[in-house]
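Structure file entry13.pdb; described as PDB, C-alpha atoms.
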ATOM      1  CA  MET A   1      23.218 -15.269  50.393
ATOM      2  CA  LYS A   2      21.824 -11.782  50.790
ATOM      3  CA  VAL A   3      20.783 -10.201  47.498
ATOM      4  CA  GLY A   4      20.409  -6.499  46.766
ATOM      5  CA  VAL A   5      18.225  -5.421  43.858
ATOM      6  CA  ILE A   6      18.917  -1.865  42.723
ATOM      7  CA  VAL A   7      15.856   0.178  41.827
ATOM      8  CA  PHE A   8      16.301   3.064  39.383
ATOM      9  CA  PRO A   9      13.446   5.293  38.277
ATOM     10  CA  GLY A  10      12.122   3.264  35.352
ATOM     11  CA  SER A  11      13.335  -0.151  36.490
ATOM     12  CA  ASN A  12      10.538  -2.633  35.844
ATOM     13  CA  CYS A  13      12.049  -6.073  36.446
ATOM     14  CA  ASP A  14      13.123  -5.276  39.998
ATOM     15  CA  GLN A  15      10.099  -7.074  41.448
ATOM     16  CA  ASP A  16      10.652 -10.076  39.195
ATOM     17  CA  ALA A  17      14.226 -10.390  40.445
ATOM     18  CA  TYR A  18      13.096  -9.889  44.029
ATOM     19  CA  TYR A  19      10.407 -12.571  43.644
ATOM     20  CA  ALA A  20      12.777 -15.038  41.950
ATOM     21  CA  PHE A  21      15.371 -14.827  44.699
ATOM     22  CA  ARG A  22      12.923 -14.706  47.599
ATOM     23  CA  ASP A  23      10.229 -17.160  46.498
ATOM     24  CA  ASN A  24      12.044 -19.482  44.109
ATOM     25  CA  LEU A  25      15.568 -19.504  45.525
ATOM     26  CA  ARG A  26      14.573 -18.814  49.145
ATOM     27  CA  GLN A  27      17.185 -16.165  49.759
ATOM     28  CA  PRO A  28      16.924 -12.888  51.684
ATOM     29  CA  VAL A  29      16.516  -9.991  49.259
ATOM     30  CA  GLU A  30      16.434  -6.236  49.689
ATOM     31  CA  TYR A  31      15.626  -3.414  47.344
ATOM     32  CA  ILE A  32      18.233  -0.668  47.165
ATOM     33  CA  TRP A  33      16.916   2.690  46.005
ATOM     34  CA  TYR A  34      19.057   4.507  43.439
ATOM     35  CA  GLN A  35      19.673   7.449  45.757
ATOM     36  CA  GLU A  36      21.133   5.309  48.498
ATOM     37  CA  THR A  37      24.839   4.727  48.885
ATOM     38  CA  ASP A  38      24.741   1.984  51.523
ATOM     39  CA  LEU A  39      24.628  -1.449  49.884
ATOM     40  CA  LYS A  40      23.395  -3.066  53.122
ATOM     41  CA  GLY A  41      26.099  -5.726  53.252
ATOM     42  CA  VAL A  42      24.661  -7.825  50.428
ATOM     43  CA  ASP A  43      26.583 -10.671  48.745
ATOM     44  CA  LEU A  44      25.209 -10.022  45.271
ATOM     45  CA  ILE A  45      24.033  -6.865  43.553
ATOM     46  CA  VAL A  46      21.441  -7.260  40.806
ATOM     47  CA  LEU A  47      20.907  -4.416  38.356
ATOM     48  CA  PRO A  48      17.461  -5.276  36.997
ATOM     49  CA  GLY A  49      15.840  -4.813  33.615
ATOM     50  CA  GLY A  50      13.656  -1.899  32.664
ATOM     51  CA  PHE A  51      13.971   1.526  31.136
ATOM     52  CA  SER A  52      15.923   3.536  33.664
ATOM     53  CA  TYR A  53      15.454   7.259  33.079
ATOM     54  CA  GLY A  54      13.251   6.424  30.099
ATOM     55  CA  ASP A  55      16.293   5.251  28.100
ATOM     56  CA  TYR A  56      16.915   8.958  27.443
ATOM     57  CA  LEU A  57      20.149   9.852  25.622
ATOM     58  CA  ARG A  58      21.316   6.207  25.509
ATOM     59  CA  THR A  59      20.147   3.158  27.452
ATOM     60  CA  GLY A  60      21.791   3.204  30.879
ATOM     61  CA  ALA A  61      23.601   6.488  30.223
ATOM     62  CA  ILE A  62      21.910   8.466  32.987
ATOM     63  CA  ALA A  63      21.472   5.627  35.496
ATOM     64  CA  ARG A  64      25.214   5.106  35.394
ATOM     65  CA  PHE A  65      25.604   8.406  37.284
ATOM     66  CA  ALA A  66      22.929   7.686  39.920
ATOM     67  CA  PRO A  67      24.291   8.016  43.478
ATOM     68  CA  VAL A  68      24.059   4.264  44.139
ATOM     69  CA  MET A  69      26.388   3.553  41.207
ATOM     70  CA  ARG A  70      29.418   5.002  42.963
ATOM     71  CA  SER A  71      28.909   2.373  45.656
ATOM     72  CA  VAL A  72      28.281  -0.342  43.063
ATOM     73  CA  GLU A  73      31.556   0.569  41.322
ATOM     74  CA  LYS A  74      33.477   0.286  44.582
ATOM     75  CA  TYR A  75      31.669  -2.954  45.380
ATOM     76  CA  ALA A  76      32.567  -4.407  41.964
ATOM     77  CA  ASN A  77      36.164  -3.225  42.181
ATOM     78  CA  SER A  78      36.483  -5.030  45.522
ATOM     79  CA  GLY A  79      35.719  -8.301  43.722
ATOM     80  CA  LYS A  80      32.139  -8.805  44.865
ATOM     81  CA  LEU A  81      29.417 -10.170  42.593
ATOM     82  CA  VAL A  82      27.348  -7.951  40.324
ATOM     83  CA  LEU A  83      24.787  -9.190  37.792
ATOM     84  CA  GLY A  84      23.243  -6.827  35.256
ATOM     85  CA  ILE A  85      20.175  -8.110  33.449
ATOM     86  CA  CYS A  86      18.990  -6.377  30.265
ATOM     87  CA  ASN A  87      18.886  -2.673  31.232
ATOM     88  CA  GLY A  88      21.281  -3.602  34.040
ATOM     89  CA  PHE A  89      23.728  -4.916  31.424
ATOM     90  CA  GLN A  90      23.392  -1.638  29.522
ATOM     91  CA  VAL A  91      24.087   0.333  32.715
ATOM     92  CA  LEU A  92      27.211  -1.751  33.469
ATOM     93  CA  CYS A  93      28.564  -1.137  29.964
ATOM     94  CA  GLU A  94      27.905   2.592  30.247
ATOM     95  CA  ALA A  95      29.637   2.607  33.625
ATOM     96  CA  GLY A  96      32.688   0.933  32.109
ATOM     97  CA  LEU A  97      32.347  -2.048  34.470
ATOM     98  CA  LEU A  98      31.876  -4.244  31.403
ATOM     99  CA  PRO A  99      33.468  -3.700  27.974
ATOM    100  CA  GLY A 100      31.509  -2.806  24.840
ATOM    101  CA  ALA A 101      28.053  -1.321  24.396
ATOM    102  CA  LEU A 102      24.483  -2.257  23.501
ATOM    103  CA  VAL A 103      22.883  -0.539  20.543
ATOM    104  CA  ARG A 104      19.542  -0.680  18.728
ATOM    105  CA  ASN A 105      18.498  -4.161  17.580
ATOM    106  CA  ALA A 106      19.565  -4.761  13.989
ATOM    107  CA  GLY A 107      15.925  -5.418  13.041
ATOM    108  CA  LEU A 108      14.853  -2.222  14.882
ATOM    109  CA  LYS A 109      11.970  -4.050  16.578
ATOM    110  CA  PHE A 110      11.538  -4.635  20.274
ATOM    111  CA  VAL A 111      11.922  -8.413  20.565
ATOM    112  CA  CYS A 112      10.077 -10.260  23.325
ATOM    113  CA  ARG A 113      10.343 -14.049  23.150
ATOM    114  CA  TYR A 114      12.197 -17.108  24.353
ATOM    115  CA  VAL A 115      15.702 -17.649  23.005
ATOM    116  CA  ASN A 116      18.180 -20.492  23.303
ATOM    117  CA  LEU A 117      21.469 -19.682  24.975
ATOM    118  CA  ARG A 118      24.601 -21.773  24.728
ATOM    119  CA  VAL A 119      26.743 -21.750  27.845
ATOM    120  CA  GLU A 120      30.301 -20.940  26.724
ATOM    121  CA  ASN A 121      32.077 -20.895  30.068
ATOM    122  CA  ALA A 122      30.866 -23.017  32.992
ATOM    123  CA  GLU A 123      33.646 -22.092  35.378
ATOM    124  CA  THR A 124      32.242 -18.763  36.459
ATOM    125  CA  ALA A 125      30.272 -17.828  39.567
ATOM    126  CA  LEU A 126      27.198 -17.445  37.351
ATOM    127  CA  THR A 127      27.466 -20.784  35.577
ATOM    128  CA  VAL A 128      29.041 -23.379  37.899
ATOM    129  CA  HIS A 129      25.792 -25.372  37.838
ATOM    130  CA  CYS A 130      25.822 -25.483  34.032
ATOM    131  CA  GLN A 131      27.965 -27.334  31.539
ATOM    132  CA  VAL A 132      29.794 -25.931  28.553
ATOM    133  CA  GLY A 133      27.545 -26.339  25.534
ATOM    134  CA  GLN A 134      24.422 -26.660  27.666
ATOM    135  CA  ILE A 135      21.434 -24.904  26.133
ATOM    136  CA  LEU A 136      19.259 -22.713  28.325
ATOM    137  CA  ARG A 137      15.808 -21.517  27.330
ATOM    138  CA  ILE A 138      15.385 -18.004  28.699
ATOM    139  CA  PRO A 139      13.286 -15.060  27.471
ATOM    140  CA  ILE A 140      14.530 -11.772  26.092
ATOM    141  CA  ALA A 141      12.612  -8.462  25.974
ATOM    142  CA  HIS A 142      14.592  -5.555  24.588
ATOM    143  CA  GLY A 143      14.916  -2.969  21.849
ATOM    144  CA  ASP A 144      18.589  -2.178  22.364
ATOM    145  CA  GLY A 145      20.347  -5.500  22.802
ATOM    146  CA  CYS A 146      22.805  -5.566  19.934
ATOM    147  CA  TYR A 147      26.175  -6.106  21.578
ATOM    148  CA  VAL A 148      29.107  -4.331  19.923
ATOM    149  CA  CYS A 149      32.747  -3.758  20.792
ATOM    150  CA  ASP A 150      35.946  -3.107  18.883
ATOM    151  CA  GLU A 151      38.042  -5.920  17.413
ATOM    152  CA  GLU A 152      40.678  -5.722  20.102
ATOM    153  CA  THR A 153      38.093  -6.039  22.879
ATOM    154  CA  TYR A 154      36.414  -8.907  21.045
ATOM    155  CA  GLU A 155      39.726 -10.790  20.747
ATOM    156  CA  ARG A 156      40.318 -10.283  24.449
ATOM    157  CA  LEU A 157      36.806 -11.453  25.401
ATOM    158  CA  ASN A 158      37.284 -14.587  23.326
ATOM    159  CA  ARG A 159      40.786 -15.322  24.562
ATOM    160  CA  ASN A 160      39.862 -14.890  28.245
ATOM    161  CA  ARG A 161      36.584 -16.821  27.844
ATOM    162  CA  GLN A 162      34.644 -13.769  29.021
ATOM    163  CA  ILE A 163      31.842 -14.555  26.582
ATOM    164  CA  ILE A 164      29.474 -16.502  28.833
ATOM    165  CA  PHE A 165      26.400 -17.003  26.605
ATOM    166  CA  ARG A 166      25.718 -17.000  22.877
ATOM    167  CA  TYR A 167      22.319 -17.038  21.154
ATOM    168  CA  CYS A 168      21.897 -20.367  19.365
ATOM    169  CA  GLU A 169      19.528 -22.822  17.705
ATOM    170  CA  THR A 170      17.935 -25.624  19.746
ATOM    171  CA  ASP A 171      20.827 -27.842  18.667
ATOM    172  CA  GLY A 172      23.422 -25.314  19.823
ATOM    173  CA  ARG A 173      24.528 -23.950  16.450
ATOM    174  CA  THR A 174      25.066 -20.198  16.496
ATOM    175  CA  THR A 175      23.351 -18.970  13.353
ATOM    176  CA  LEU A 176      22.179 -15.663  11.955
ATOM    177  CA  ASP A 177      18.569 -16.811  12.463
ATOM    178  CA  SER A 178      19.087 -17.536  16.139
ATOM    179  CA  ASN A 179      20.584 -14.092  16.742
ATOM    180  CA  PRO A 180      17.598 -11.938  17.758
ATOM    181  CA  ASN A 181      19.268  -8.538  17.686
ATOM    182  CA  GLY A 182      22.377  -8.587  15.505
ATOM    183  CA  SER A 183      24.843  -8.926  18.388
ATOM    184  CA  MET A 184      28.450  -9.426  17.382
ATOM    185  CA  ASP A 185      29.174 -13.165  17.158
ATOM    186  CA  ASN A 186      25.776 -13.933  18.791
ATOM    187  CA  ILE A 187      26.987 -12.612  22.163
ATOM    188  CA  ALA A 188      24.189 -12.665  24.776
ATOM    189  CA  GLY A 189      26.188 -12.324  27.982
ATOM    190  CA  ILE A 190      29.708 -11.496  29.130
ATOM    191  CA  ALA A 191      31.849 -11.152  32.242
ATOM    192  CA  ASN A 192      34.597  -8.720  33.171
ATOM    193  CA  GLU A 193      38.232  -9.864  33.382
ATOM    194  CA  ARG A 194      37.929 -10.734  37.066
ATOM    195  CA  PHE A 195      34.738 -12.710  36.458
ATOM    196  CA  ASN A 196      32.845 -10.979  39.257
ATOM    197  CA  VAL A 197      30.742  -8.642  37.090
ATOM    198  CA  PHE A 198      28.272 -10.241  34.658
ATOM    199  CA  GLY A 199      25.931  -8.765  32.095
ATOM    200  CA  MET A 200      23.302 -10.528  30.022
ATOM    201  CA  MET A 201      20.396  -9.379  27.850
ATOM    202  CA  PRO A 202      18.137 -12.415  28.524
ATOM    203  CA  HIS A 203      16.033 -12.467  31.703
ATOM    204  CA  PRO A 204      16.864 -15.440  33.953
ATOM    205  CA  GLU A 205      14.548 -14.022  36.643
ATOM    206  CA  ARG A 206      11.637 -14.633  34.272
ATOM    207  CA  ALA A 207      12.548 -18.325  34.059
ATOM    208  CA  THR A 208      12.790 -19.556  37.620
ATOM    209  CA  GLU A 209       9.796 -21.903  37.893
ATOM    210  CA  LYS A 210       7.945 -24.235  35.532
ATOM    211  CA  LEU A 211       4.824 -22.103  35.655
ATOM    212  CA  MET A 212       6.756 -19.313  33.914
ATOM    213  CA  GLY A 213       7.532 -21.603  30.966
ATOM    214  CA  SER A 214      11.098 -22.401  31.915
ATOM    215  CA  ALA A 215      13.094 -22.838  35.088
ATOM    216  CA  ASP A 216      16.498 -22.664  33.388
ATOM    217  CA  GLY A 217      17.261 -19.309  34.994
ATOM    218  CA  ARG A 218      17.409 -21.047  38.354
ATOM    219  CA  LEU A 219      20.681 -22.707  37.311
ATOM    220  CA  LEU A 220      22.309 -19.288  37.113
ATOM    221  CA  PHE A 221      20.925 -18.014  40.399
ATOM    222  CA  SER A 222      21.741 -21.251  42.244
ATOM    223  CA  SER A 223      25.256 -21.026  40.768
ATOM    224  CA  LEU A 224      25.637 -17.581  42.304
ATOM    225  CA  ILE A 225      24.332 -18.810  45.669
ATOM    226  CA  ASP A 226      26.769 -21.725  45.724
ATOM    227  CA  SER A 227      29.620 -19.508  44.585
ATOM    228  CA  VAL A 228      29.017 -17.142  47.464
ATOM    229  CA  ALA A 229      28.703 -20.044  49.915
ATOM    230  CA  ASN A 230      32.020 -21.467  48.700
ATOM    231  CA  GLY A 231      33.813 -18.143  48.590
ATOM    232  CA  VAL A 232      33.673 -16.465  45.208
ATOM    233  CA  ARG A 233      36.566 -17.219  42.943
ATOM    234  CA  THR A 234      37.323 -14.088  41.025
ATOM    235  CA  GLY A 235      40.336 -13.332  38.922
ATOM    236  CA  ALA A 236      41.341 -15.270  35.804
TER     237      ALA A 236
ATOM    238  CA  MET B   1      24.477  34.060  25.810
ATOM    239  CA  PRO B   2      26.880  31.449  24.439
ATOM    240  CA  TYR B   3      25.543  28.174  23.217
ATOM    241  CA  ALA B   4      26.982  24.904  21.961
ATOM    242  CA  ASP B   5      25.701  22.890  19.029
ATOM    243  CA  ILE B   6      26.625  19.276  19.490
ATOM    244  CA  ILE B   7      26.263  16.479  17.004
ATOM    245  CA  VAL B   8      26.686  12.859  18.020
ATOM    246  CA  THR B   9      26.985  10.188  15.354
ATOM    247  CA  LEU B  10      27.367   6.417  15.416
ATOM    248  CA  LYS B  11      30.888   5.353  14.539
ATOM    249  CA  PRO B  12      31.178   4.610  10.837
ATOM    250  CA  THR B  13      32.199   1.017  11.540
ATOM    251  CA  LEU B  14      28.833   0.328  13.188
ATOM    252  CA  LEU B  15      25.745  -0.640  11.290
ATOM    253  CA  ASP B  16      23.150   2.136  11.566
ATOM    254  CA  ALA B  17      19.985   0.054  11.369
ATOM    255  CA  GLN B  18      17.725   3.129  11.460
ATOM    256  CA  GLY B  19      19.726   4.837   8.750
ATOM    257  CA  ARG B  20      19.467   1.802   6.535
ATOM    258  CA  VAL B  21      15.684   1.629   6.900
ATOM    259  CA  VAL B  22      15.404   5.325   6.051
ATOM    260  CA  GLN B  23      17.707   4.835   3.066
ATOM    261  CA  ASN B  24      15.474   1.988   1.841
ATOM    262  CA  ALA B  25      12.396   4.186   2.261
ATOM    263  CA  LEU B  26      14.039   6.934   0.201
ATOM    264  CA  LEU B  27      15.027   4.418  -2.456
ATOM    265  CA  SER B  28      11.448   3.166  -2.605
ATOM    266  CA  LEU B  29      10.306   6.775  -3.093
ATOM    267  CA  GLY B  30      12.445   6.824  -6.188
ATOM    268  CA  TYR B  31      15.545   8.620  -4.889
ATOM    269  CA  GLU B  32      17.907   6.120  -6.404
ATOM    270  CA  ASN B  33      20.998   8.206  -5.793
ATOM    271  CA  VAL B  34      20.857   7.807  -1.980
ATOM    272  CA  THR B  35      23.850   5.596  -1.287
ATOM    273  CA  SER B  36      23.843   5.871   2.519
ATOM    274  CA  VAL B  37      21.919   7.413   5.417
ATOM    275  CA  ARG B  38      23.379   7.748   8.902
ATOM    276  CA  ILE B  39      21.231   9.072  11.753
ATOM    277  CA  GLY B  40      22.674  10.985  14.674
ATOM    278  CA  LYS B  41      21.647  13.292  17.481
ATOM    279  CA  TYR B  42      21.710  17.050  17.605
ATOM    280  CA  MET B  43      21.773  18.943  20.888
ATOM    281  CA  ARG B  44      21.791  22.668  21.530
ATOM    282  CA  MET B  45      23.024  23.642  24.944
ATOM    283  CA  GLU B  46      22.818  27.165  26.307
ATOM    284  CA  LEU B  47      25.626  28.107  28.650
ATOM    285  CA  ALA B  48      26.301  30.833  31.147
ATOM    286  CA  GLU B  49      29.174  33.093  30.118
ATOM    287  CA  GLY B  50      32.382  31.664  31.491
ATOM    288  CA  GLU B  51      35.947  30.581  31.025
ATOM    289  CA  ALA B  52      37.064  27.391  29.317
ATOM    290  CA  LEU B  53      33.716  26.579  27.708
ATOM    291  CA  GLU B  54      35.461  24.495  25.032
ATOM    292  CA  ARG B  55      37.112  22.319  27.623
ATOM    293  CA  GLN B  56      33.888  21.982  29.600
ATOM    294  CA  VAL B  57      31.762  20.983  26.644
ATOM    295  CA  LYS B  58      34.378  18.488  25.519
ATOM    296  CA  GLU B  59      34.347  16.992  28.994
ATOM    297  CA  MET B  60      30.541  16.782  28.950
ATOM    298  CA  CYS B  61      30.686  14.961  25.618
ATOM    299  CA  ASP B  62      33.323  12.535  26.873
ATOM    300  CA  ARG B  63      31.575  11.796  30.145
ATOM    301  CA  LEU B  64      27.904  11.737  29.214
ATOM    302  CA  LEU B  65      26.685  13.075  25.897
ATOM    303  CA  ALA B  66      28.511  10.550  23.715
ATOM    304  CA  ASN B  67      29.661   7.006  24.396
ATOM    305  CA  PRO B  68      33.193   6.713  22.983
ATOM    306  CA  VAL B  69      32.711   2.979  22.420
ATOM    307  CA  ILE B  70      30.062   3.548  19.761
ATOM    308  CA  GLU B  71      29.885   7.239  18.949
ATOM    309  CA  ASN B  72      31.804  10.218  17.645
ATOM    310  CA  TYR B  73      30.906  13.787  18.470
ATOM    311  CA  HIS B  74      31.513  17.230  17.115
ATOM    312  CA  PHE B  75      30.621  20.571  18.640
ATOM    313  CA  GLU B  76      30.772  24.259  17.928
ATOM    314  CA  ILE B  77      30.496  26.987  20.523
ATOM    315  CA  HIS B  78      28.779  30.170  19.398
ATOM    316  CA  ARG B  79      28.927  33.474  21.197
ATOM    317  CA  ASP B  80      27.693  35.875  18.591
ATOM    318  CA  SER B  81      23.901  35.674  18.635
ATOM    319  CA  ASP B  82      20.888  34.733  20.685
ATOM    320  CA  GLY B  83      20.991  31.218  19.385
ATOM    321  CA  ASN B  84      18.136  31.626  16.957
ATOM    322  CA  GLY B  85      19.655  32.767  13.762
ATOM    323  CA  THR B  86      23.013  31.139  13.323
ATOM    324  CA  PRO B  87      23.023  28.298  10.846
ATOM    325  CA  LEU B  88      24.175  24.992  12.219
ATOM    326  CA  VAL B  89      27.650  23.982  11.159
ATOM    327  CA  LEU B  90      27.528  20.385  10.072
ATOM    328  CA  PRO B  91      30.295  18.133  11.293
ATOM    329  CA  THR B  92      32.669  16.191   9.190
ATOM    330  CA  THR B  93      32.472  12.707  10.640
ATOM    331  CA  GLU B  94      35.420  10.518   9.913
TER     332      GLU B  94
END
Would you give me this structure, written as structure tokens?
Amino acid sequence: MKVGVIVFPGSNCDQDAYYAFRDNLRQPVEYIWYQETDLKGVDLIVLPGGFSYGDYLRTGAIARFAPVMRSVEKYANSGKLVLGICNGFQVLCEAGLLPGALVRNAGLKFVCRYVNLRVENAETALTVHCQVGQILRIPIAHGDGCYVCDEETYERLNRNRQIIFRYCETDGRTTLDSNPNGSMDNIAGIANERFNVFGMMPHPERATEKLMGSADGRLLFSSLIDSVANGVRTGA
Amino acid sequence: MPYADIIVTLKPTLLDAQGRVVQNALLSLGYENVTSVRIGKYMRMELAEGEALERQVKEMCDRLLANPVIENYHFEIHRDSDGNGTPLVLPTTE
């Protein structure tokens, strides 16, 4: 599987994603500069974490209009795989490729620590190697990770099983305490209706080998690799 | 030269965490009558003279300056001064 990691001015997890796919998952990876429009025939686009355009105006608001994003929109609309991590998730929401928005953490602080994630849907390209209810230990590092959307959107996300991860306790209970940023219903990651565009605040690329403290992120990346190898199933 | 004053506010249904912290700070300073604080953004944009400024500014708000999922906006276009003296018209946010 050929992976493309988009680099915006202010991206700072692009190298982590590149390293995870190249060194841990042994896949060919290429950086794609934000001013390019050619996506180099990749099978997966990763929008990495960071602070694109300094988070000016709103997180992801400016990056969403970068030249490369027109190509990413076309790529996503053709059913190919896109994963937005942290700032990448914020960019995808701003671009309207994912519903809802990410606002300032309820506690106002930048939170940088491991969280527990409960897998809510294990039939997606991102989670085929997981099981429903499985708990992943993956770090977060963000100041604007509070997921919000209107009631109607929330109902739809729930009904279609587009909520992929929820913040939880070590035993899987979703509690107020285990919610690091005030996200609606502990939402940590979602998919679009076709299940080819994914966004998550936690950083799986920072959890791809034991040395990093957790290798749980590998499950997600290996899921994507297998999904591409088997022909991605998108659509409900 | 015309200019636009734009105010962007978080939708009232959303928790304004910053506003709440500021409200608590005011309460701790003894201002017990502060029942709510909401924080927004103010932008002043200078524009070249032209047609359809209203429509243009509205489009800018819809496309970039505000995110309709989480924010409301309000703007006024002024043509009558150099942009230094006119008092800002505060929006009525629903």
_Non-local contacts of stretch 57-59 of chain B (9 Å; only C-alpha atoms; under 2 positions in same chain excluded) as a list in words_ =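 The neighbour list is Ala4, Ile6, Ala52, Leu53, Glu54, Arg55, Cys61, Asp62, Arg63, Leu64, His74, Phe75 and Ile77 of chain B.
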*With a cut-off of 8 Å and counting all atoms listed in the file, select all residues of chain B in contact with chain A and give the selection as a ChimeraX atom specification.*
/B:15,17-18,64-65,67,69-70
Selection dump of the PyMOL selection byres ((chain A and resi 118) around 8), as an mmCIF file with C-alpha atoms, in the coordinates of the input:
data_model
loop_
_atom_site.group_PDB
_atom_site.id
_atom_site.type_symbol
_atom_site.label_atom_id
_atom_site.label_comp_id
_atom_site.auth_asym_id
_atom_site.auth_seq_id
_atom_site.Cartn_x
_atom_site.Cartn_y
_atom_site.Cartn_z
ATOM 1 C CA ASN A 116 18.180 -20.492 23.303
ATOM 2 C CA LEU A 117 21.469 -19.682 24.975
ATOM 3 C CA VAL A 119 26.743 -21.750 27.845
ATOM 4 C CA GLU A 120 30.301 -20.940 26.724
ATOM 5 C CA VAL A 132 29.794 -25.931 28.553
ATOM 6 C CA GLY A 133 27.545 -26.339 25.534
ATOM 7 C CA GLN A 134 24.422 -26.660 27.666
ATOM 8 C CA ILE A 135 21.434 -24.904 26.133
ATOM 9 C CA LEU A 136 19.259 -22.713 28.325
ATOM 10 C CA PHE A 165 26.400 -17.003 26.605
ATOM 11 C CA ARG A 166 25.718 -17.000 22.877
ATOM 12 C CA TYR A 167 22.319 -17.038 21.154
ATOM 13 C CA CYS A 168 21.897 -20.367 19.365
ATOM 14 C CA GLY A 172 23.422 -25.314 19.823
#
Residues selected by the PyMOL selection byres ((chain B and resi 40) around 10), written as a short mmCIF file (atom, residue, chain, number, x, y, z; two decimals) with C-alpha atoms, keeping the file's coordinate frame:
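Produced file part-v8.cif, reproduced below:
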data_model
loop_
_atom_site.label_atom_id
_atom_site.label_comp_id
_atom_site.auth_asym_id
_atom_site.auth_seq_id
_atom_site.Cartn_x
_atom_site.Cartn_y
_atom_site.Cartn_z
CA ILE B 7 26.26 16.48 17.00
CA VAL B 8 26.69 12.86 18.02
CA THR B 9 26.98 10.19 15.35
CA LEU B 10 27.37 6.42 15.42
CA LYS B 11 30.89 5.35 14.54
CA ASP B 16 23.15 2.14 11.57
CA GLN B 18 17.73 3.13 11.46
CA GLY B 19 19.73 4.84 8.75
CA VAL B 37 21.92 7.41 5.42
CA ARG B 38 23.38 7.75 8.90
CA ILE B 39 21.23 9.07 11.75
CA LYS B 41 21.65 13.29 17.48
CA TYR B 42 21.71 17.05 17.60
CA GLU B 71 29.88 7.24 18.95
CA ASN B 72 31.80 10.22 17.64
CA TYR B 73 30.91 13.79 18.47
#
*Answer key for the PyMOL selection byres ((chain A and resi 44) around 9), residues as a PyMOL selection string*: chain A and resi 1-5+42-43+45-46+80-83+224-225+228
Output C-alpha atoms for every residue in that selection, as a PDB file, in the frame of the given file.
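Produced file selection-v2.pdb, reproduced below:
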ATOM      1  CA  MET A   1      23.218 -15.269  50.393  1.00  0.00           C
ATOM      2  CA  LYS A   2      21.824 -11.782  50.790  1.00  0.00           C
ATOM      3  CA  VAL A   3      20.783 -10.201  47.498  1.00  0.00           C
ATOM      4  CA  GLY A   4      20.409  -6.499  46.766  1.00  0.00           C
ATOM      5  CA  VAL A   5      18.225  -5.421  43.858  1.00  0.00           C
ATOM      6  CA  VAL A  42      24.661  -7.825  50.428  1.00  0.00           C
ATOM      7  CA  ASP A  43      26.583 -10.671  48.745  1.00  0.00           C
ATOM      8  CA  ILE A  45      24.033  -6.865  43.553  1.00  0.00           C
ATOM      9  CA  VAL A  46      21.441  -7.260  40.806  1.00  0.00           C
ATOM     10  CA  LYS A  80      32.139  -8.805  44.865  1.00  0.00           C
ATOM     11  CA  LEU A  81      29.417 -10.170  42.593  1.00  0.00           C
ATOM     12  CA  VAL A  82      27.348  -7.951  40.324  1.00  0.00           C
ATOM     13  CA  LEU A  83      24.787  -9.190  37.792  1.00  0.00           C
ATOM     14  CA  LEU A 224      25.637 -17.581  42.304  1.00  0.00           C
ATOM     15  CA  ILE A 225      24.332 -18.810  45.669  1.00  0.00           C
ATOM     16  CA  VAL A 228      29.017 -17.142  47.464  1.00  0.00           C
TER      17      VAL A 228
END
*Provide the atom CA of A:Tyr53 to atom CA of B:Pro68 distance in Å, to one decimal place.*
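Pair atom CA of A:Tyr53 / atom CA of B:Pro68 returns 20.4 Å.
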*From the set A:Tyr147, A:Phe8, A:Phe21, A:Tyr34, which residue has the shortest atom-to-atom contact distance to A:Leu220, counting all atoms listed in the file?*
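Checking each candidate against A:Leu220, we get A:Phe21 as the closest.
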Can you sort out stretch 137-146 of chain A so it carries N, CA and C atoms, written as an mmCIF file, keeping the file's coordinate frame?
data_model
loop_
_atom_site.group_PDB
_atom_site.id
_atom_site.type_symbol
_atom_site.label_atom_id
_atom_site.label_comp_id
_atom_site.auth_asym_id
_atom_site.auth_seq_id
_atom_site.Cartn_x
_atom_site.Cartn_y
_atom_site.Cartn_z
ATOM 1 N N ARG A 137 16.933 -22.199 27.964
ATOM 2 C CA ARG A 137 15.808 -21.517 27.330
ATOM 3 C C ARG A 137 15.359 -20.402 28.264
ATOM 4 N N ILE A 138 15.619 -19.178 27.847
ATOM 5 C CA ILE A 138 15.385 -18.004 28.699
ATOM 6 C C ILE A 138 14.828 -16.882 27.818
ATOM 7 N N PRO A 139 13.862 -16.107 28.331
ATOM 8 C CA PRO A 139 13.286 -15.060 27.471
ATOM 9 C C PRO A 139 14.124 -13.788 27.369
ATOM 10 N N ILE A 140 13.964 -13.114 26.257
ATOM 11 C CA ILE A 140 14.530 -11.772 26.092
ATOM 12 C C ILE A 140 13.371 -10.788 25.921
ATOM 13 N N ALA A 141 13.603 -9.525 26.199
ATOM 14 C CA ALA A 141 12.612 -8.462 25.974
ATOM 15 C C ALA A 141 13.370 -7.154 25.902
ATOM 16 N N HIS A 142 13.816 -6.786 24.704
ATOM 17 C CA HIS A 142 14.592 -5.555 24.588
ATOM 18 C C HIS A 142 14.558 -4.967 23.184
ATOM 19 N N GLY A 143 14.809 -3.668 23.127
ATOM 20 C CA GLY A 143 14.916 -2.969 21.849
ATOM 21 C C GLY A 143 16.353 -2.613 21.519
ATOM 22 N N ASP A 144 17.183 -2.542 22.558
ATOM 23 C CA ASP A 144 18.589 -2.178 22.364
ATOM 24 C C ASP A 144 19.478 -3.266 22.962
ATOM 25 N N GLY A 145 19.593 -4.379 22.249
ATOM 26 C CA GLY A 145 20.347 -5.500 22.802
ATOM 27 C C GLY A 145 21.462 -5.977 21.904
ATOM 28 N N CYS A 146 21.770 -5.168 20.900
ATOM 29 C CA CYS A 146 22.805 -5.566 19.934
ATOM 30 C C CYS A 146 24.180 -5.256 20.528
#
